[in-house]
file run_9.txt (compact mmCIF, C-alpha atoms)
# COMPACT_ATOMS: atom_id res chain seq x y z
CA MET A 3 7.86 20.74 -24.78
CA ASN A 4 5.19 18.11 -24.86
CA ASP A 5 2.66 20.80 -24.01
CA LYS A 6 3.16 22.45 -27.32
CA GLN A 7 1.51 19.52 -29.05
CA GLN A 8 -1.53 19.82 -26.82
CA ASP A 9 -1.87 23.54 -27.19
CA THR A 10 -2.69 23.38 -30.86
CA ILE A 11 -5.90 22.17 -32.47
CA ASP A 12 -7.23 21.65 -35.96
CA PHE A 13 -8.83 24.52 -37.78
CA GLY A 14 -9.72 22.82 -41.00
CA TYR A 15 -6.40 21.28 -42.12
CA GLN A 16 -4.33 23.92 -40.31
CA GLN A 17 -3.06 23.61 -36.79
CA VAL A 18 -3.78 26.70 -34.74
CA ALA A 19 -3.35 27.61 -31.09
CA LYS A 20 -6.28 26.34 -29.01
CA ALA A 21 -7.02 29.84 -27.80
CA ASP A 22 -7.36 31.06 -31.40
CA LYS A 23 -9.77 28.51 -32.85
CA GLN A 24 -12.82 30.08 -31.27
CA LYS A 25 -11.97 33.44 -32.79
CA LEU A 26 -11.22 31.96 -36.20
CA VAL A 27 -14.51 30.01 -36.27
CA ALA A 28 -16.28 33.20 -35.18
CA ASN A 29 -14.77 35.01 -38.17
CA VAL A 30 -16.03 32.30 -40.52
CA PHE A 31 -19.59 32.57 -39.26
CA GLN A 32 -19.49 36.33 -38.98
CA SER A 33 -18.72 36.29 -42.67
CA VAL A 34 -21.39 33.82 -43.76
CA ALA A 35 -24.25 34.65 -41.34
CA GLN A 36 -26.37 36.65 -43.76
CA LYS A 37 -26.19 34.07 -46.56
CA TYR A 38 -26.18 31.04 -44.27
CA ASP A 39 -29.67 29.69 -45.06
CA LEU A 40 -29.34 30.22 -48.78
CA MET A 41 -25.94 28.51 -48.84
CA ASN A 42 -27.25 25.55 -46.83
CA ASP A 43 -30.01 25.02 -49.36
CA LEU A 44 -27.65 25.34 -52.32
CA MET A 45 -24.86 23.20 -50.93
CA SER A 46 -27.04 20.33 -49.76
CA PHE A 47 -29.66 20.64 -52.50
CA GLY A 48 -32.17 21.30 -49.72
CA ILE A 49 -31.53 17.91 -48.11
CA HIS A 50 -30.39 19.60 -44.87
CA ARG A 51 -34.08 20.22 -44.20
CA LEU A 52 -34.75 16.49 -44.24
CA TRP A 53 -31.76 15.79 -41.97
CA LYS A 54 -33.07 18.34 -39.50
CA ARG A 55 -36.59 17.01 -39.78
CA TYR A 56 -35.27 13.53 -39.05
CA THR A 57 -33.63 14.88 -35.90
CA ILE A 58 -36.87 16.52 -34.76
CA ASP A 59 -38.75 13.27 -35.28
CA CYS A 60 -36.18 11.32 -33.26
CA SER A 61 -36.22 13.84 -30.42
CA GLY A 62 -39.48 12.65 -28.87
CA VAL A 63 -40.42 16.29 -28.24
CA ARG A 64 -43.80 16.86 -26.55
CA SER A 65 -45.68 19.88 -25.39
CA GLY A 66 -44.37 21.40 -22.18
CA MET A 67 -40.78 20.24 -22.66
CA ARG A 68 -37.63 22.35 -22.29
CA VAL A 69 -35.33 22.14 -25.28
CA LEU A 70 -31.83 23.51 -25.77
CA ASP A 71 -30.72 24.05 -29.37
CA ILE A 72 -26.96 24.58 -29.21
CA ALA A 73 -25.19 26.23 -32.13
CA GLY A 74 -28.73 26.73 -33.33
CA GLY A 75 -27.55 29.36 -35.78
CA THR A 76 -30.41 30.62 -37.85
CA GLY A 77 -32.98 28.75 -35.81
CA ASP A 78 -34.25 25.98 -38.13
CA LEU A 79 -34.59 23.45 -35.33
CA THR A 80 -35.70 26.05 -32.79
CA GLU A 81 -38.63 27.02 -35.01
CA GLN A 82 -39.86 23.44 -35.22
CA PHE A 83 -39.35 22.78 -31.50
CA SER A 84 -41.09 26.02 -30.55
CA ARG A 85 -44.25 24.98 -32.38
CA ARG A 86 -44.22 21.56 -30.80
CA VAL A 87 -43.55 22.42 -27.15
CA GLY A 88 -46.31 25.03 -27.10
CA PRO A 89 -46.72 27.89 -24.62
CA THR A 90 -46.05 25.65 -21.61
CA GLY A 91 -42.64 24.61 -22.90
CA GLU A 92 -39.51 26.56 -23.69
CA VAL A 93 -36.81 26.47 -26.34
CA VAL A 94 -33.42 28.05 -25.75
CA LEU A 95 -31.49 28.95 -28.88
CA ALA A 96 -27.85 29.15 -27.93
CA ASP A 97 -25.02 30.13 -30.25
CA ILE A 98 -21.55 31.38 -29.55
CA ASN A 99 -21.75 33.78 -32.46
CA ALA A 100 -23.67 37.02 -31.97
CA ALA A 101 -24.11 37.58 -35.72
CA MET A 102 -25.72 34.17 -36.23
CA LEU A 103 -27.91 34.64 -33.18
CA GLU A 104 -29.06 37.99 -34.54
CA VAL A 105 -29.97 36.52 -37.93
CA GLY A 106 -31.82 33.68 -36.20
CA ARG A 107 -33.71 36.02 -33.90
CA ASP A 108 -34.85 38.24 -36.76
CA LYS A 109 -35.91 35.27 -38.85
CA LEU A 110 -37.92 33.63 -36.10
CA ARG A 111 -39.62 36.85 -35.04
CA ASN A 112 -40.63 37.53 -38.62
CA ARG A 113 -42.21 34.09 -38.72
CA GLY A 114 -44.20 34.75 -35.57
CA ILE A 115 -42.13 32.47 -33.34
CA VAL A 116 -42.27 34.42 -30.11
CA GLY A 117 -43.17 33.78 -26.49
CA ASN A 118 -41.52 30.45 -25.79
CA VAL A 119 -38.05 31.06 -27.29
CA ARG A 120 -35.07 32.48 -25.44
CA TYR A 121 -31.84 33.56 -27.14
CA VAL A 122 -28.59 33.03 -25.29
CA GLN A 123 -25.08 33.70 -26.50
CA ALA A 124 -23.17 30.82 -25.00
CA ASN A 125 -20.09 28.65 -25.40
CA ALA A 126 -21.00 24.97 -25.68
CA GLU A 127 -18.02 24.05 -23.49
CA GLU A 128 -19.30 26.08 -20.57
CA LEU A 129 -23.06 26.22 -20.83
CA PRO A 130 -24.49 28.92 -18.53
CA PHE A 131 -27.43 26.81 -17.32
CA ALA A 132 -28.26 25.01 -14.09
CA ASP A 133 -27.70 21.23 -13.81
CA ASP A 134 -30.56 19.00 -14.99
CA SER A 135 -32.50 21.71 -16.78
CA PHE A 136 -33.37 20.38 -20.27
CA ASP A 137 -35.41 17.44 -21.60
CA ILE A 138 -33.76 17.56 -25.01
CA ILE A 139 -30.49 19.03 -26.24
CA THR A 140 -29.68 19.22 -29.94
CA ILE A 141 -26.55 20.37 -31.67
CA ALA A 142 -26.89 20.34 -35.44
CA PHE A 143 -23.81 21.01 -37.56
CA GLY A 144 -22.16 22.74 -34.61
CA LEU A 145 -20.05 20.25 -32.70
CA ARG A 146 -17.46 20.28 -35.49
CA ASN A 147 -16.64 23.91 -34.77
CA VAL A 148 -16.30 23.55 -31.01
CA THR A 149 -12.70 23.73 -29.79
CA ASP A 150 -12.90 21.08 -27.08
CA LYS A 151 -15.61 18.64 -28.17
CA GLN A 152 -15.25 16.33 -25.20
CA LYS A 153 -15.68 19.20 -22.78
CA ALA A 154 -18.74 20.39 -24.70
CA LEU A 155 -20.34 16.92 -24.56
CA GLU A 156 -19.71 16.84 -20.79
CA SER A 157 -21.17 20.30 -20.34
CA MET A 158 -24.30 19.24 -22.21
CA PHE A 159 -24.53 16.12 -20.06
CA ARG A 160 -24.50 18.29 -16.95
CA VAL A 161 -27.45 20.50 -18.03
CA LEU A 162 -29.51 17.57 -19.36
CA LYS A 163 -32.28 16.28 -17.07
CA PRO A 164 -32.07 12.63 -16.06
CA GLY A 165 -34.13 10.80 -18.69
CA GLY A 166 -33.31 13.49 -21.22
CA ARG A 167 -31.54 12.93 -24.50
CA LEU A 168 -28.84 14.54 -26.60
CA LEU A 169 -29.06 14.52 -30.38
CA VAL A 170 -25.94 15.36 -32.39
CA LEU A 171 -26.48 15.95 -36.09
CA GLU A 172 -23.16 16.36 -37.83
CA PHE A 173 -21.29 15.65 -41.03
CA SER A 174 -19.56 12.30 -40.88
CA LYS A 175 -17.78 9.74 -43.01
CA PRO A 176 -19.69 8.61 -46.12
CA GLN A 177 -19.77 4.80 -46.21
CA PRO A 178 -19.98 3.71 -49.89
CA PRO A 179 -16.52 4.32 -51.53
CA LEU A 180 -18.02 5.77 -54.70
CA LEU A 181 -20.11 8.24 -52.77
CA SER A 182 -17.06 9.15 -50.73
CA GLN A 183 -15.09 10.05 -53.87
CA ALA A 184 -17.90 12.06 -55.41
CA TYR A 185 -18.36 13.82 -52.11
CA ASP A 186 -14.65 14.71 -51.87
CA PHE A 187 -14.69 16.15 -55.37
CA TYR A 188 -17.81 18.13 -54.60
CA SER A 189 -16.47 19.45 -51.28
CA PHE A 190 -13.10 20.64 -52.51
CA ASN A 191 -13.86 21.73 -56.06
CA VAL A 192 -17.49 22.80 -56.17
CA LEU A 193 -18.21 24.06 -52.65
CA PRO A 194 -15.56 26.82 -52.37
CA LYS A 195 -16.52 28.13 -55.83
CA MET A 196 -20.17 28.15 -54.86
CA GLY A 197 -19.24 29.99 -51.67
CA GLN A 198 -17.27 32.53 -53.68
CA LEU A 199 -20.13 33.06 -56.09
CA VAL A 200 -23.01 33.33 -53.63
CA ALA A 201 -21.55 34.51 -50.35
CA GLY A 202 -18.39 36.13 -51.80
CA ASP A 203 -16.22 34.06 -49.48
CA ALA A 204 -14.36 30.97 -50.72
CA ASP A 205 -12.13 30.56 -47.65
CA SER A 206 -15.00 30.00 -45.25
CA TYR A 207 -16.36 27.23 -47.43
CA GLN A 208 -12.89 25.72 -47.85
CA TYR A 209 -12.78 25.65 -44.05
CA LEU A 210 -16.21 24.00 -43.98
CA ALA A 211 -15.01 21.16 -46.25
CA GLU A 212 -11.78 20.72 -44.28
CA SER A 213 -13.44 20.83 -40.88
CA ILE A 214 -15.81 18.06 -41.97
CA ARG A 215 -12.81 15.82 -42.77
CA MET A 216 -11.21 16.56 -39.40
CA HIS A 217 -14.38 15.76 -37.44
CA PRO A 218 -14.39 12.40 -35.64
CA ASP A 219 -16.14 9.61 -37.57
CA GLN A 220 -19.31 7.84 -36.44
CA ASP A 221 -17.74 5.37 -34.02
CA THR A 222 -15.22 7.82 -32.55
CA LEU A 223 -17.98 10.30 -31.74
CA LYS A 224 -20.06 7.48 -30.25
CA GLY A 225 -17.11 6.62 -28.01
CA MET A 226 -16.71 10.25 -27.00
CA MET A 227 -20.38 10.44 -26.01
CA GLU A 228 -20.09 7.27 -23.95
CA GLN A 229 -17.01 8.68 -22.26
CA ALA A 230 -18.96 11.84 -21.37
CA GLY A 231 -21.49 9.65 -19.54
CA TYR A 232 -24.29 9.15 -22.06
CA ALA A 233 -26.09 5.80 -22.05
CA GLU A 234 -27.57 3.79 -24.91
CA VAL A 235 -25.60 5.79 -27.45
CA SER A 236 -26.50 4.95 -31.03
CA TYR A 237 -26.07 6.58 -34.38
CA HIS A 238 -27.89 6.55 -37.67
CA ASN A 239 -26.27 7.33 -41.01
CA LEU A 240 -28.24 9.66 -43.27
CA THR A 241 -27.61 9.96 -47.00
CA GLY A 242 -24.96 7.26 -46.99
CA GLY A 243 -23.16 8.64 -43.94
CA ILE A 244 -22.53 12.14 -45.30
CA VAL A 245 -24.38 13.08 -42.15
CA ALA A 246 -24.87 11.02 -39.00
CA MET A 247 -27.30 11.51 -36.17
CA HIS A 248 -26.00 10.38 -32.78
CA ARG A 249 -28.36 9.92 -29.89
CA GLY A 250 -27.55 9.37 -26.23
CA TYR A 251 -29.52 9.41 -22.99
CA LYS A 252 -28.73 10.59 -19.49
CA PHE A 253 -30.09 8.25 -16.83
CA MET B 158 -36.90 6.65 -44.25
CA LEU B 159 -35.31 10.01 -44.97
CA TRP B 160 -37.27 10.48 -48.17
CA ALA B 161 -40.57 9.74 -46.44
CA MET B 162 -39.89 12.96 -44.51
CA LEU B 163 -40.54 15.05 -47.60
CA PRO B 164 -44.16 14.09 -48.36
CA THR B 165 -44.88 13.87 -44.64
CA SER B 166 -43.68 17.38 -43.91
CA LEU B 167 -45.48 18.73 -46.99
CA LEU B 168 -48.71 17.11 -45.82
CA GLU B 169 -48.11 18.40 -42.31
CA SER B 170 -47.63 21.99 -43.45
CA LEU B 171 -50.69 21.75 -45.72
CA LEU B 172 -52.82 20.55 -42.79
CA ASN B 173 -51.50 23.31 -40.55
CA GLN B 174 -52.07 25.95 -43.21
CA LEU B 175 -55.69 24.83 -43.50
CA LEU B 176 -56.11 24.92 -39.73
CA ARG B 177 -54.69 28.43 -39.62
CA LEU B 178 -57.25 29.65 -42.15
CA ASP B 179 -60.12 28.99 -39.77
CA PRO B 180 -60.02 31.05 -36.53
CA ALA B 181 -62.20 28.44 -34.83
CA SER B 182 -59.31 25.94 -35.03
CA GLN B 183 -57.36 27.65 -32.26
CA PRO B 184 -59.78 26.77 -29.42
CA ARG B 185 -60.19 23.27 -30.89
CA LEU B 186 -56.41 22.76 -30.90
CA GLN B 187 -56.19 24.13 -27.39
CA LYS B 188 -58.57 21.43 -26.19
CA LEU B 189 -56.51 18.68 -27.83
CA ALA B 190 -53.03 20.10 -27.13
CA GLY B 191 -50.62 17.50 -25.82
CA LYS B 192 -52.68 14.58 -27.12
CA ARG B 193 -51.00 11.96 -29.26
CA LEU B 194 -52.45 9.34 -31.58
CA ARG B 195 -50.64 6.50 -33.32
CA VAL B 196 -52.03 4.77 -36.38
CA THR B 197 -50.51 1.50 -37.51
CA LEU B 198 -51.66 0.22 -40.87
CA ASP B 199 -50.88 -3.43 -41.51
CA ASP B 200 -50.17 -2.56 -45.15
CA ILE B 201 -47.41 -0.11 -44.10
CA ALA B 202 -44.96 -1.45 -41.56
CA GLN B 203 -44.13 1.90 -39.95
CA PRO B 204 -46.64 3.51 -37.55
CA LEU B 205 -47.56 7.16 -38.01
CA THR B 206 -47.79 9.28 -34.88
CA VAL B 207 -49.90 12.43 -34.81
CA SER B 208 -49.19 14.89 -31.98
CA VAL B 209 -51.25 17.98 -31.32
CA SER B 210 -49.90 21.23 -29.91
CA GLU B 211 -51.49 24.67 -29.63
CA GLN B 212 -49.81 25.55 -32.94
CA GLY B 213 -50.97 22.63 -35.02
CA VAL B 214 -50.71 18.90 -35.69
CA TRP B 215 -47.38 17.13 -36.20
CA LEU B 216 -46.75 13.89 -38.03
CA SER B 217 -43.87 11.53 -37.38
CA TRP B 218 -42.91 8.06 -38.60
CA LEU B 219 -40.10 7.73 -36.06
CA ASP B 220 -41.79 8.70 -32.82
CA GLN B 221 -41.70 5.83 -30.31
CA GLU B 222 -42.86 7.67 -27.21
CA PRO B 223 -46.09 6.66 -25.42
CA VAL B 224 -49.40 7.84 -26.97
CA ASP B 225 -52.95 8.44 -25.70
CA CYS B 226 -54.57 6.28 -28.33
CA ALA B 227 -53.14 3.61 -30.64
CA ILE B 228 -55.12 2.32 -33.59
CA ARG B 229 -54.21 -0.71 -35.62
CA THR B 230 -56.12 -1.42 -38.81
CA ARG B 231 -55.86 -1.84 -42.58
CA LEU B 232 -55.86 0.80 -45.27
CA ALA B 233 -59.09 -0.55 -46.79
CA VAL B 234 -60.92 -0.30 -43.47
CA LEU B 235 -60.19 3.41 -42.95
CA PRO B 236 -63.24 4.78 -44.85
CA GLU B 237 -65.55 2.65 -42.71
CA LEU B 238 -64.26 4.31 -39.54
CA ARG B 239 -66.18 7.49 -40.36
CA GLU B 240 -69.34 5.80 -39.13
CA ALA B 241 -69.14 5.37 -35.37
CA ALA B 242 -71.70 2.55 -35.69
CA ASN B 243 -69.22 0.39 -37.62
CA ILE B 244 -66.56 0.43 -34.94
CA THR B 245 -67.89 -2.36 -32.73
CA ARG B 246 -68.48 -4.60 -35.74
CA LEU B 247 -64.94 -3.97 -37.04
CA ILE B 248 -63.38 -4.71 -33.66
CA LYS B 249 -65.34 -7.97 -33.44
CA ALA B 250 -64.26 -8.90 -36.96
CA ASP B 251 -60.63 -8.34 -35.88
CA LEU B 252 -60.19 -5.61 -38.50
CA LEU B 253 -59.65 -2.88 -35.96
CA ASP B 254 -57.77 -2.68 -32.70
CA ILE B 255 -58.03 0.40 -30.48
CA ASP B 256 -55.88 0.85 -27.41
CA GLY B 257 -56.55 3.92 -25.27
CA ASP B 258 -58.99 6.78 -25.69
CA PRO B 259 -61.19 6.01 -28.73
CA MET B 260 -62.72 9.51 -28.73
CA LEU B 261 -59.34 11.05 -29.59
CA ALA B 262 -59.34 9.77 -33.18
CA GLN B 263 -62.81 11.17 -33.73
CA ALA B 264 -61.90 14.49 -32.16
CA LEU B 265 -58.91 14.70 -34.48
CA SER B 266 -60.88 13.94 -37.61
CA LYS B 267 -63.49 16.47 -36.47
CA LEU B 268 -60.74 19.08 -36.30
CA PHE B 269 -60.55 18.89 -40.09
CA ALA B 270 -64.12 17.87 -40.89
CA GLU B 271 -65.48 20.95 -39.15
CA LEU B 272 -63.12 23.37 -40.86
CA ASP B 273 -65.07 26.33 -42.14
CA ILE B 274 -62.73 28.45 -44.23
CA ASP B 275 -63.81 31.83 -45.54
CA TRP B 276 -62.04 31.51 -48.90
CA PRO B 277 -63.20 34.85 -50.38
CA GLU B 278 -61.87 36.67 -47.35
CA HIS B 279 -58.48 34.92 -47.38
CA LEU B 280 -58.10 35.33 -51.11
CA SER B 281 -58.84 39.04 -50.99
CA GLN B 282 -56.31 39.48 -48.18
CA ARG B 283 -53.63 37.84 -50.31
CA LEU B 284 -54.50 39.02 -53.80
CA GLY B 285 -56.56 42.17 -53.29
CA ASP B 286 -60.32 42.55 -53.58
CA VAL B 287 -60.67 42.68 -57.35
CA PRO B 288 -58.61 39.62 -58.34
CA ALA B 289 -60.19 37.65 -55.49
CA GLN B 290 -63.67 38.62 -56.69
CA LEU B 291 -62.78 37.60 -60.25
CA ILE B 292 -61.43 34.23 -59.12
CA ILE B 293 -64.47 33.54 -56.99
CA GLN B 294 -66.84 34.49 -59.78
CA ALA B 295 -64.93 32.23 -62.16
CA TRP B 296 -65.12 29.43 -59.60
CA GLN B 297 -68.86 29.91 -59.15
CA ARG B 298 -69.40 30.03 -62.91
CA SER B 299 -67.45 26.83 -63.39
CA GLN B 300 -69.45 25.21 -60.61
CA GLN B 301 -72.71 26.28 -62.28
CA TRP B 302 -71.46 25.05 -65.62
CA LEU B 303 -70.54 21.69 -64.09
CA GLN B 304 -73.95 21.36 -62.46
CA GLN B 305 -75.65 22.30 -65.74
CA GLN B 306 -73.56 19.67 -67.52
CA ARG B 307 -74.50 17.08 -64.96
CA ARG B 308 -78.20 17.97 -65.29
CA ASP B 309 -77.96 17.80 -69.09
CA GLN B 310 -76.30 14.40 -68.94
CA GLN B 311 -78.96 13.10 -66.59
CA GLN B 312 -81.70 14.44 -68.84
CA TRP B 313 -80.12 12.82 -71.87
CA LEU B 314 -79.80 9.47 -70.11
CA ARG B 315 -83.39 9.71 -68.94
CA ASP B 316 -84.68 10.47 -72.43
CA ALA B 317 -82.64 7.68 -73.95
CA LEU B 318 -83.83 5.05 -71.45
CA ILE B 319 -87.45 6.07 -71.14
CA GLU B 320 -88.57 7.79 -74.31
CA GLU B 321 -86.35 6.33 -77.02
CA GLN B 322 -85.38 2.82 -75.97
CA GLN B 323 -88.30 2.46 -73.55
CA LEU B 324 -86.22 0.31 -71.22
CA LEU B 325 -87.60 1.98 -68.09
CA PRO B 326 -91.02 3.42 -67.24
CA SER B 327 -91.43 7.14 -66.68
CA ALA B 328 -92.23 8.47 -63.20
CA ALA B 329 -95.91 9.05 -64.13
CA GLU B 330 -96.28 5.55 -65.56
CA PHE B 331 -94.65 4.07 -62.51
CA SER B 332 -96.94 5.87 -60.06
CA LEU B 333 -99.99 4.91 -62.12
CA PHE B 334 -98.80 1.32 -62.07
CA ARG B 335 -98.22 1.50 -58.33
CA SER B 336 -101.72 2.82 -57.64
CA ASP B 337 -103.16 0.13 -59.92
CA VAL B 338 -101.31 -2.47 -57.88
CA GLN B 339 -102.68 -0.99 -54.67
CA VAL B 340 -106.24 -1.09 -56.00
CA LEU B 341 -105.68 -4.66 -57.14
CA ARG B 342 -104.35 -5.62 -53.73
CA ALA B 343 -107.38 -4.07 -52.06
CA HIS B 344 -109.65 -6.10 -54.40
CA VAL B 345 -107.78 -9.28 -53.65
CA ASP B 346 -107.96 -8.64 -49.91
CA ARG B 347 -111.68 -8.06 -50.09
CA LEU B 348 -112.15 -11.20 -52.19
CA GLU B 349 -110.05 -13.18 -49.72
CA ARG B 350 -112.20 -12.00 -46.81
CA GLN B 351 -115.42 -12.86 -48.69
CA LEU B 352 -114.04 -16.29 -49.57
CA SER B 353 -113.06 -17.02 -45.99
CA GLY B 354 -116.55 -15.80 -44.91
CA TRP B 355 -118.20 -18.37 -47.24
CA LYS B 356 -115.87 -21.10 -46.03
CA GLY B 357 -116.78 -20.34 -42.42
call {"tool": "encode", "arguments": {"input": "run_9.txt", "output": "structure tokens"}}
result
Amino acid sequence: MNDKQQDTIDFGYQQVAKADKQKLVANVFQSVAQKYDLMNDLMSFGIHRLWKRYTIDCSGVRSGMRVLDIAGGTGDLTEQFSRRVGPTGEVVLADINAAMLEVGRDKLRNRGIVGNVRYVQANAEELPFADDSFDIITIAFGLRNVTDKQKALESMFRVLKPGGRLLVLEFSKPQPPLLSQAYDFYSFNVLPKMGQLVAGDADSYQYLAESIRMHPDQDTLKGMMEQAGYAEVSYHNLTGGIVAMHRGYKF
Amino acid sequence: MLWAMLPTSLLESLLNQLLRLDPASQPRLQKLAGKRLRVTLDDIAQPLTVSVSEQGVWLSWLDQEPVDCAIRTRLAVLPELREAANITRLIKADLLDIDGDPMLAQALSKLFAELDIDWPEHLSQRLGDVPAQLIIQAWQRSQQWLQQQRRDQQQWLRDALIEEQQLLPSAAEFSLFRSDVQVLRAHVDRLERQLSGWKG
């Protein structure tokens, strides 16, 4: 009977069977893929570009490196990494969702990002790569949607080269109380309406707001990374903790 | 720090756009690809790291990885660095500290100093031949007008100082005066020699 408890997992505020979450998340992204970039800009007032830029700058990327961008979606980080690693390096854009991967591939090709980017449909919990194969792994706004986060962090640890680093950019807990209240109001009242208006899909954006609240806070995620084996784990709050960037090394 | 990302990435994309407009940049970038330079200005606490890849130059305030060349100086000293001759003097005066390959900074500044962008060509590709031609003609006309204005102003200043207020001599007067002085000096020299001849 105890198993029943373990077999369910959060999907936003709902509890769903573990086996179903992946499919439900897939439906959400299937539905928003085409309007994903536009919605990101609208919802975050464009600040998501700065958060991503911050992550790139903290990555220590250099030419010739191999980078894995998990849940890379429409390829924002991949584009930047591709330009920086040059023709001797490689960037792998991995996403579990074929629709998102397709949008990302089209976007990057149209921008002339070709040659050093590979597209792989993959589940973060069971990455289909050899051990010790990447210098940098990033997962930006993706870990939240993974069914078994601990397993995903361990899988990333396995494919990271010794000396490599993992960067997790994810929504987190806003620190100042006033900001936290404003943020709650915005997430539950404004966001779904915006989603309805622009992408014609309020439910997906309701899920987005709920899934952010269910995601582990800064220190919990730090603990999870340490448990997965990462060393020197640290995090940095961005925009008052609405987003946090966690960094950990494999030695 | 997050907000510093905005101007930095705007500057970065501007620089890379400029580089892309000149086809000669590609081989230059290729030569420098993988090189990294860090500039620390004492006026700004955070160091700026410039990395080069085949696709362009990348700026970062957060990069802490090793670099090929690290420069430490002050904002006010930067213009003096353009002259290679100044560098030794500045290092001795403790205004400049270079660690690593000093040629890298010059190679990087050359990357932009030697840019040769064919503006008419790029404009016509983007706007079409006729609008591009009109813009370039307008630009040239405004340049000519500016030069004409500058010449007129100079002429006016010259007239005011020389002809009206007579504060300065004209070029002809000055050269006459100079040749008079030369003649006078020659006279004096001759006189001096004669005098010393009598003394002896």
call {"tool": "interface_residues", "arguments": {"input": "run_9.txt", "of": "chain B", "to": "chain A", "cutoff": "10 Å", "atoms": "all atoms listed in the file", "output": "PDB file with C-alpha atoms, in the frame of the given file"}}
result
ATOM      1  CA  MET B 158     -36.900   6.650 -44.250  1.00  0.00           C
ATOM      2  CA  LEU B 159     -35.310  10.010 -44.970  1.00  0.00           C
ATOM      3  CA  TRP B 160     -37.270  10.480 -48.170  1.00  0.00           C
ATOM      4  CA  ALA B 161     -40.570   9.740 -46.440  1.00  0.00           C
ATOM      5  CA  MET B 162     -39.890  12.960 -44.510  1.00  0.00           C
ATOM      6  CA  LEU B 163     -40.540  15.050 -47.600  1.00  0.00           C
ATOM      7  CA  SER B 166     -43.680  17.380 -43.910  1.00  0.00           C
ATOM      8  CA  GLN B 187     -56.190  24.130 -27.390  1.00  0.00           C
ATOM      9  CA  ALA B 190     -53.030  20.100 -27.130  1.00  0.00           C
ATOM     10  CA  GLY B 191     -50.620  17.500 -25.820  1.00  0.00           C
ATOM     11  CA  LYS B 192     -52.680  14.580 -27.120  1.00  0.00           C
ATOM     12  CA  ARG B 193     -51.000  11.960 -29.260  1.00  0.00           C
ATOM     13  CA  THR B 206     -47.790   9.280 -34.880  1.00  0.00           C
ATOM     14  CA  SER B 208     -49.190  14.890 -31.980  1.00  0.00           C
ATOM     15  CA  VAL B 209     -51.250  17.980 -31.320  1.00  0.00           C
ATOM     16  CA  SER B 210     -49.900  21.230 -29.910  1.00  0.00           C
ATOM     17  CA  GLU B 211     -51.490  24.670 -29.630  1.00  0.00           C
ATOM     18  CA  GLN B 212     -49.810  25.550 -32.940  1.00  0.00           C
ATOM     19  CA  GLY B 213     -50.970  22.630 -35.020  1.00  0.00           C
ATOM     20  CA  VAL B 214     -50.710  18.900 -35.690  1.00  0.00           C
ATOM     21  CA  TRP B 215     -47.380  17.130 -36.200  1.00  0.00           C
ATOM     22  CA  LEU B 216     -46.750  13.890 -38.030  1.00  0.00           C
ATOM     23  CA  SER B 217     -43.870  11.530 -37.380  1.00  0.00           C
ATOM     24  CA  TRP B 218     -42.910   8.060 -38.600  1.00  0.00           C
ATOM     25  CA  LEU B 219     -40.100   7.730 -36.060  1.00  0.00           C
ATOM     26  CA  ASP B 220     -41.790   8.700 -32.820  1.00  0.00           C
ATOM     27  CA  GLN B 221     -41.700   5.830 -30.310  1.00  0.00           C
ATOM     28  CA  GLU B 222     -42.860   7.670 -27.210  1.00  0.00           C
ATOM     29  CA  PRO B 223     -46.090   6.660 -25.420  1.00  0.00           C
TER      30      PRO B 223
END
call {"tool": "residues_near_point", "arguments": {"input": "run_9.txt", "point": "(-15.8, 18.4, -37.4)", "cutoff": "8 Å", "atoms": "all atoms listed in the file", "output": "PyMOL selection string"}}
result
chain A and resi 145-147+172-174+213-218
call {"tool": "atom_distance", "arguments": {"input": "run_9.txt", "atom1": "atom CA of A:Arg111", "atom2": "atom CA of A:Gly77"}}
result
10.5 Å
call {"tool": "residues_around", "arguments": {"input": "run_9.txt", "residues": "stretch 224-236 of chain A", "least_positions_apart": "3", "cutoff": "8 Å", "atoms": "all atoms listed in the file", "output": "list in words"}}
result
Gln152, Leu155, Glu156, Phe159, Gln220, Asp221, His248, Arg249, Gly250, Tyr251, Lys252 and Phe253 of chain A
call {"tool": "write_last_selection", "arguments": {"input": "run_9.txt", "atoms": "C-alpha atoms", "output": "tab-separated table (two decimals), keeping the file's coordinate frame"}}
result
chain	number	residue	atom	x	y	z
A	152	GLN	CA	-15.25	16.33	-25.20
A	155	LEU	CA	-20.34	16.92	-24.56
A	156	GLU	CA	-19.71	16.84	-20.79
A	159	PHE	CA	-24.53	16.12	-20.06
A	220	GLN	CA	-19.31	7.84	-36.44
A	221	ASP	CA	-17.74	5.37	-34.02
A	248	HIS	CA	-26.00	10.38	-32.78
A	249	ARG	CA	-28.36	9.92	-29.89
A	250	GLY	CA	-27.55	9.37	-26.23
A	251	TYR	CA	-29.52	9.41	-22.99
A	252	LYS	CA	-28.73	10.59	-19.49
A	253	PHE	CA	-30.09	8.25	-16.83
call {"tool": "closest_residue", "arguments": {"input": "run_9.txt", "among": "B:Pro259, B:Ala343, B:Gln290, B:Lys249", "to": "B:Glu278", "atoms": "all atoms listed in the file"}}
result
B:Gln290
call {"tool": "closest_residue", "arguments": {"input": "run_9.txt", "among": "A:Leu95, A:Ala211, A:Val122, A:Leu168", "to": "A:Val192", "atoms": "all atoms listed in the file"}}
result
A:Ala211
call {"tool": "closest_residue", "arguments": {"input": "run_9.txt", "among": "B:Glu240, B:Asp337, B:Asp256, B:Asp275", "to": "B:Ala227", "atoms": "all atoms listed in the file"}}
result
B:Asp256
